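Pasted below: structure-v3.txt, compact mmCIF, C-alpha atoms.
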```txt
# COMPACT_ATOMS: atom_id res chain seq x y z
CA MET E 1 0.00 0.00 0.00
CA LEU E 2 2.80 2.47 0.86
CA SER E 3 4.38 1.82 -2.53
CA THR E 4 1.10 2.84 -4.16
CA ILE E 5 0.65 5.92 -1.96
CA VAL E 6 4.11 7.32 -2.75
CA GLY E 7 3.30 7.12 -6.45
CA ASN E 8 5.22 9.87 -8.22
CA LYS E 9 6.79 11.39 -5.10
CA ARG E 10 10.52 12.04 -5.12
CA ILE E 11 12.01 8.86 -3.71
CA CYS E 12 15.38 8.96 -1.96
CA GLY E 13 16.50 5.38 -2.50
CA PRO E 14 19.69 3.67 -1.35
CA ASP E 15 21.98 5.63 -3.69
CA CYS E 16 20.51 8.90 -2.42
CA LEU E 17 20.81 7.93 1.28
CA ASP E 18 24.37 6.72 0.73
CA LYS E 19 25.31 10.26 -0.38
CA ILE E 20 23.71 11.84 2.71
CA ILE E 21 24.83 9.50 5.50
CA GLU E 22 28.39 10.26 6.55
CA ARG E 23 30.75 8.08 8.60
CA ASP E 24 29.83 10.18 11.66
CA VAL E 25 26.13 10.36 12.55
CA THR E 26 24.09 11.85 15.38
CA VAL E 27 20.73 10.21 16.03
CA TYR E 28 18.24 12.13 18.15
CA GLY E 29 15.65 10.03 20.01
CA PHE E 30 12.51 11.36 21.66
CA GLY E 31 13.32 10.27 25.21
CA PRO E 32 12.47 12.38 28.25
CA ASN E 33 16.16 13.39 28.42
CA LEU E 34 16.22 14.91 24.91
CA GLU E 35 15.97 18.60 25.81
CA GLN E 36 18.73 18.41 28.42
CA GLU E 37 21.08 16.42 26.20
CA MET E 38 20.47 18.79 23.26
CA GLU E 39 21.87 21.58 25.46
CA GLU E 40 24.93 19.54 26.47
CA VAL E 41 25.91 17.67 23.30
CA LYS E 42 27.35 19.01 20.06
CA PRO E 43 26.16 16.90 17.10
CA ILE E 44 28.57 15.20 14.71
CA GLY E 45 28.14 14.42 11.01
CA THR E 46 24.78 13.57 9.52
CA ILE E 47 21.83 14.45 11.77
CA ILE E 48 18.97 11.96 11.95
CA SER E 49 15.90 12.59 14.10
CA ALA E 50 13.53 9.88 15.24
CA ASP E 51 9.85 10.85 14.97
CA GLY E 52 8.97 13.23 17.85
CA ALA E 53 12.54 14.49 18.14
CA THR E 54 12.07 16.30 14.83
CA GLY E 55 9.84 18.97 16.36
CA GLU E 56 12.29 19.53 19.22
CA LEU E 57 15.17 19.96 16.77
CA LEU E 58 13.21 22.46 14.69
CA ARG E 59 12.39 24.47 17.83
CA LYS E 60 16.14 24.71 18.47
CA GLY E 61 16.80 25.81 14.89
CA ILE E 62 18.30 22.48 13.81
CA LEU E 63 17.12 20.92 10.55
CA PRO E 64 17.86 17.18 10.46
CA ASP E 65 19.30 15.71 7.29
CA ILE E 66 16.99 12.72 7.68
CA LEU E 67 13.99 11.92 9.87
CA THR E 68 12.56 8.49 10.61
CA THR E 69 8.86 8.16 11.36
CA ASP E 70 5.93 5.80 11.50
CA LEU E 71 3.69 8.89 11.69
CA ASP E 72 2.60 8.59 15.32
CA GLY E 73 4.44 11.71 16.49
CA ASN E 74 4.28 15.38 15.52
CA VAL E 75 3.61 14.87 11.81
CA GLU E 76 3.22 18.61 11.15
CA ALA E 77 6.84 19.18 12.25
CA GLN E 78 7.97 16.28 10.09
CA ILE E 79 6.17 17.68 7.04
CA LEU E 80 7.76 21.08 7.74
CA ALA E 81 11.25 19.56 8.05
CA ASN E 82 10.70 17.54 4.88
CA GLY E 83 9.67 20.67 3.02
CA LYS E 84 12.88 22.36 4.16
CA GLY E 85 15.05 19.52 2.85
CA ALA E 86 15.09 16.68 5.40
CA VAL E 87 14.57 13.27 3.82
CA ALA E 88 11.55 11.61 5.47
CA VAL E 89 12.06 7.89 5.99
CA ILE E 90 8.43 6.82 6.39
CA HIS E 91 7.75 3.39 7.85
CA ALA E 92 4.73 1.20 7.08
CA HIS E 93 3.53 -1.43 9.51
CA GLY E 94 0.26 -3.17 10.31
CA ASP E 95 -1.30 -0.53 12.53
CA ASN E 96 -0.49 2.75 10.77
CA ILE E 97 -2.31 2.22 7.48
CA ARG E 98 -4.79 5.06 8.10
CA ARG E 99 -1.93 7.43 9.07
CA LEU E 100 -0.07 6.55 5.86
CA LYS E 101 -3.11 7.36 3.73
CA ASP E 102 -3.85 10.56 5.65
CA CYS E 103 -0.32 11.95 5.99
CA VAL E 104 2.05 10.77 3.24
CA PRO E 105 0.41 12.88 0.50
CA PHE E 106 1.34 16.03 2.45
CA PHE E 107 5.11 15.37 2.54
CA PRO E 108 6.46 17.77 -0.12
CA GLY E 109 10.11 16.67 -0.25
CA ARG E 110 12.10 13.50 -0.78
CA ILE E 111 10.92 10.41 1.04
CA THR E 112 12.22 6.91 1.62
CA PRO E 113 9.42 4.36 2.15
CA THR E 114 10.38 1.50 4.52
CA THR E 115 8.87 -1.65 5.96
CA GLN E 116 9.77 -4.41 8.42
CA ALA E 117 8.63 -6.95 5.84
CA ARG E 118 10.22 -8.02 2.59
CA PRO E 119 11.25 -4.93 0.60
CA PHE E 120 10.00 -4.49 -2.95
CA ASP E 121 9.64 -1.85 -5.65
CA LYS E 122 10.23 1.56 -3.93
CA VAL E 123 9.91 0.24 -0.35
CA TYR E 124 13.09 -0.63 1.55
CA ASN E 125 14.08 -2.46 4.74
CA PHE E 126 17.28 -1.38 6.49
CA GLY E 127 16.36 -3.13 9.74
CA GLY E 128 15.07 -1.98 13.08
CA PHE E 129 11.89 -1.92 15.11
CA THR E 130 11.21 1.52 16.63
CA ASP E 131 11.88 4.89 14.97
CA GLY E 132 15.09 5.34 16.97
CA ASP E 133 16.68 1.97 16.36
CA ARG E 134 15.61 2.10 12.69
CA ALA E 135 17.62 5.32 12.41
CA VAL E 136 20.66 3.62 13.96
CA MET E 137 20.30 0.51 11.79
CA MET E 138 19.98 2.68 8.66
CA ALA E 139 23.11 4.64 9.59
CA ARG E 140 25.02 1.37 10.05
CA HIS E 141 23.64 0.00 6.78
CA PHE E 142 25.11 2.97 4.92
CA GLY E 143 28.53 2.72 6.55
CA ALA E 144 28.44 4.97 9.60
CA THR E 145 31.28 4.05 11.92
CA ARG E 146 30.63 6.51 14.75
CA ILE E 147 27.07 7.04 15.95
CA LEU E 148 26.24 9.48 18.73
CA LEU E 149 22.90 8.80 20.45
CA VAL E 150 21.17 11.87 21.95
CA GLY E 151 17.84 11.70 23.75
CA PHE E 152 17.77 7.92 24.07
CA ASP E 153 16.44 6.58 27.37
CA PHE E 154 15.78 2.85 27.27
CA VAL E 155 14.30 2.70 30.77
CA ASN E 156 12.10 5.77 31.16
CA ALA E 157 9.60 6.21 28.36
CA ARG E 158 8.21 9.66 27.52
CA MET E 159 4.54 9.83 28.44
CA GLN E 160 2.40 10.06 25.31
CA ARG E 161 -1.37 10.40 25.22
CA GLY E 162 -3.09 7.20 24.13
CA LYS E 163 0.04 5.05 24.46
CA ASP E 164 0.28 1.96 26.66
CA MET E 165 3.39 2.58 28.75
CA ASP E 166 4.02 -1.15 29.37
CA VAL E 167 4.07 -1.78 25.63
CA LYS E 168 6.34 1.26 25.16
CA ARG E 169 8.79 -0.06 27.77
CA ARG E 170 8.93 -3.46 26.04
CA LYS E 171 9.59 -1.70 22.72
CA LEU E 172 12.44 0.24 24.35
CA GLU E 173 13.94 -3.03 25.59
CA TRP E 174 13.94 -4.35 22.03
CA ALA E 175 15.38 -1.08 20.73
CA HIS E 176 18.23 -1.38 23.24
CA ARG E 177 18.93 -4.96 22.16
CA LEU E 178 18.93 -4.04 18.47
CA ILE E 179 21.19 -1.04 18.97
CA PHE E 180 23.72 -2.49 21.40
CA GLU E 181 23.62 -6.28 21.15
CA LEU E 182 23.62 -6.35 17.36
CA ASN E 183 26.14 -3.54 17.01
CA PRO E 184 28.95 -4.49 14.60
CA ALA E 185 32.39 -4.28 16.16
CA LYS E 186 33.49 -1.66 13.64
CA VAL E 187 30.75 0.80 14.72
CA MET E 188 31.41 2.99 17.74
CA LEU E 189 28.26 3.97 19.64
CA SER E 190 28.33 6.68 22.25
CA THR E 191 25.87 8.40 24.52
CA PRO E 192 26.37 11.64 26.46
```

Mind converting the file's structure to structure tokens?
Amino acid sequence: MLSTIVGNKRICGPDCLDKIIERDVTVYGFGPNLEQEMEEVKPIGTIISADGATGELLRKGILPDILTTDLDGNVEAQILANGKGAVAVIHAHGDNIRRLKDCVPFFPGRITPTTQARPFDKVYNFGGFTDGDRAVMMARHFGATRILLVGFDFVNARMQRGKDMDVKRRKLEWAHRLIFELNPAKVMLSTP
């Protein structure tokens, strides 16, 4: 369905992402520690924001190079960032079909459609589960060797209206496993 929705949109496929993602990458997560860490940490290389972090970056005057989203965060900020040049990596999964139909047509810039299933046509799979770990997995996929994580808290989830906090905590446990336990030896991860 996502492949159909993107239709004639400007797709930023693997060759495009490979030109954007540098060896050094900063990935901003939407943890409750994001605002504090944004004040303390200077970003390196390519800037990737995960979903809700995009709005926080824009408020601080930072335009990410890439944003990853499954469209359950501040979509208006993501559309704004995309219109200003950030590539929107939009993820399709079983429970965001309505959001895809309602939101994807409004993204004016380059997008990269992704899925957790088998990739096909203009839809890619670089690995990952949540917006944050998908950003890390994508950076690794395209050769990043130093990844700075800002605003990642794998224990304390940010309260979000309508979200089951127990489910969110389990998702964060999986994100931690994907980021740290599957980290290739050649990739240096660091947190503030």

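With only C-alpha atoms as the basis for measurement, E:Gly13 is the residue among E:Gly7, E:Gly13, E:Gly143, E:Pro105 that approaches E:Pro119 most closely.
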
For stretch 172-180 of chain E: contacts at 6 Å, only C-alpha atoms, fewer than 2 positions along chain excluded, given as a ChimeraX atom specification: /E:133,154,169-170,182-183

Atom CA of E:Arg59 to atom CA of E:His93 measures 28.6 Å

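Atom to atom, atom CA of E:Pro184 and atom CA of E:Lys122 stand 27.0 Å apart.
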
Place a sphere of radius 10 Å on (23.5, 10.8, 18.4) in the file coordinates and name every protein, DNA or RNA residue with an atom inside or on its surface, counting all atoms listed in the file; give the answer as an MDAnalysis selection string. chainID E and resid 24:29 37:38 41:49 136 146:152 189:192

E:Ala92, E:Ala185, E:Leu80, E:Ala86 ranked by distance to E:Met1, top pick (using only C-alpha atoms):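 Ranking E:Ala92, E:Ala185, E:Leu80, E:Ala86 by distance to E:Met1, first place goes to E:Ala92.
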
Test item: residues at most 10 Å from E:Gly109, all atoms listed in the file, excluding those fewer than 3 positions along its chain, as a ChimeraX atom specification: /E:9-12,79-88,106

Residue nearest E:Ala53 - candidates E:Gln36, E:Asn74, E:Asn125, E:Gln116, atoms counted: all atoms listed in the file: E:Asn74

Among E:Leu17, E:Pro32, E:Ser3, E:Phe126, E:Val155 is approached most closely, using all atoms listed in the file, by E:Pro32

Measuring between all atoms listed in the file, which one of E:Ala50, E:Ala77, E:Ala144, E:Ala139 shows the shortest distance to E:His91? E:Ala50

Please, which residues are within 10 Å of (9.3, 6.8, 7.3) by the file's coordinates, counting all atoms listed in the file, and could they come as a list in words? Ala50, Asp51, Ile66, Leu67, Thr68, Thr69, Asp70, Leu71, Gln78, Val87, Ala88, Val89, Ile90, His91, Ala92, Leu100, Val104, Ile111, Thr112, Pro113, Thr114, Thr115, Asp131, Arg134 and Ala135 of chain E

Would you fill the gaps in stretch 78-90 of chain E so it has N, CA and C atoms, then print it as a JSON list (two decimals), in the coordinates of the input?
```json
[["chain", "number", "residue", "atom", "x", "y", "z"],
["E", 78, "GLN", "N", 7.26, 17.13, 11.06],
["E", 78, "GLN", "CA", 7.97, 16.28, 10.09],
["E", 78, "GLN", "C", 7.73, 16.76, 8.66],
["E", 79, "ILE", "N", 6.50, 17.14, 8.37],
["E", 79, "ILE", "CA", 6.17, 17.68, 7.04],
["E", 79, "ILE", "C", 6.94, 18.98, 6.81],
["E", 80, "LEU", "N", 7.01, 19.83, 7.83],
["E", 80, "LEU", "CA", 7.76, 21.08, 7.74],
["E", 80, "LEU", "C", 9.23, 20.81, 7.47],
["E", 81, "ALA", "N", 9.84, 19.90, 8.24],
["E", 81, "ALA", "CA", 11.25, 19.56, 8.05],
["E", 81, "ALA", "C", 11.49, 18.98, 6.66],
["E", 82, "ASN", "N", 10.58, 18.14, 6.21],
["E", 82, "ASN", "CA", 10.70, 17.54, 4.88],
["E", 82, "ASN", "C", 10.64, 18.62, 3.80],
["E", 83, "GLY", "N", 9.77, 19.58, 3.98],
["E", 83, "GLY", "CA", 9.67, 20.67, 3.02],
["E", 83, "GLY", "C", 10.90, 21.55, 2.98],
["E", 84, "LYS", "N", 11.65, 21.57, 4.10],
["E", 84, "LYS", "CA", 12.88, 22.36, 4.16],
["E", 84, "LYS", "C", 14.11, 21.57, 3.73],
["E", 85, "GLY", "N", 13.93, 20.29, 3.38],
["E", 85, "GLY", "CA", 15.05, 19.52, 2.85],
["E", 85, "GLY", "C", 15.40, 18.23, 3.56],
["E", 86, "ALA", "N", 14.81, 17.95, 4.71],
["E", 86, "ALA", "CA", 15.09, 16.68, 5.40],
["E", 86, "ALA", "C", 14.42, 15.54, 4.65],
["E", 87, "VAL", "N", 15.15, 14.47, 4.43],
["E", 87, "VAL", "CA", 14.57, 13.27, 3.82],
["E", 87, "VAL", "C", 13.72, 12.59, 4.87],
["E", 88, "ALA", "N", 12.46, 12.29, 4.55],
["E", 88, "ALA", "CA", 11.55, 11.61, 5.47],
["E", 88, "ALA", "C", 11.55, 10.12, 5.17],
["E", 89, "VAL", "N", 12.07, 9.34, 6.11],
["E", 89, "VAL", "CA", 12.06, 7.89, 5.99],
["E", 89, "VAL", "C", 10.78, 7.43, 6.69],
["E", 90, "ILE", "N", 9.77, 7.10, 5.88],
["E", 90, "ILE", "CA", 8.43, 6.82, 6.39],
["E", 90, "ILE", "C", 8.21, 5.31, 6.42]]
```
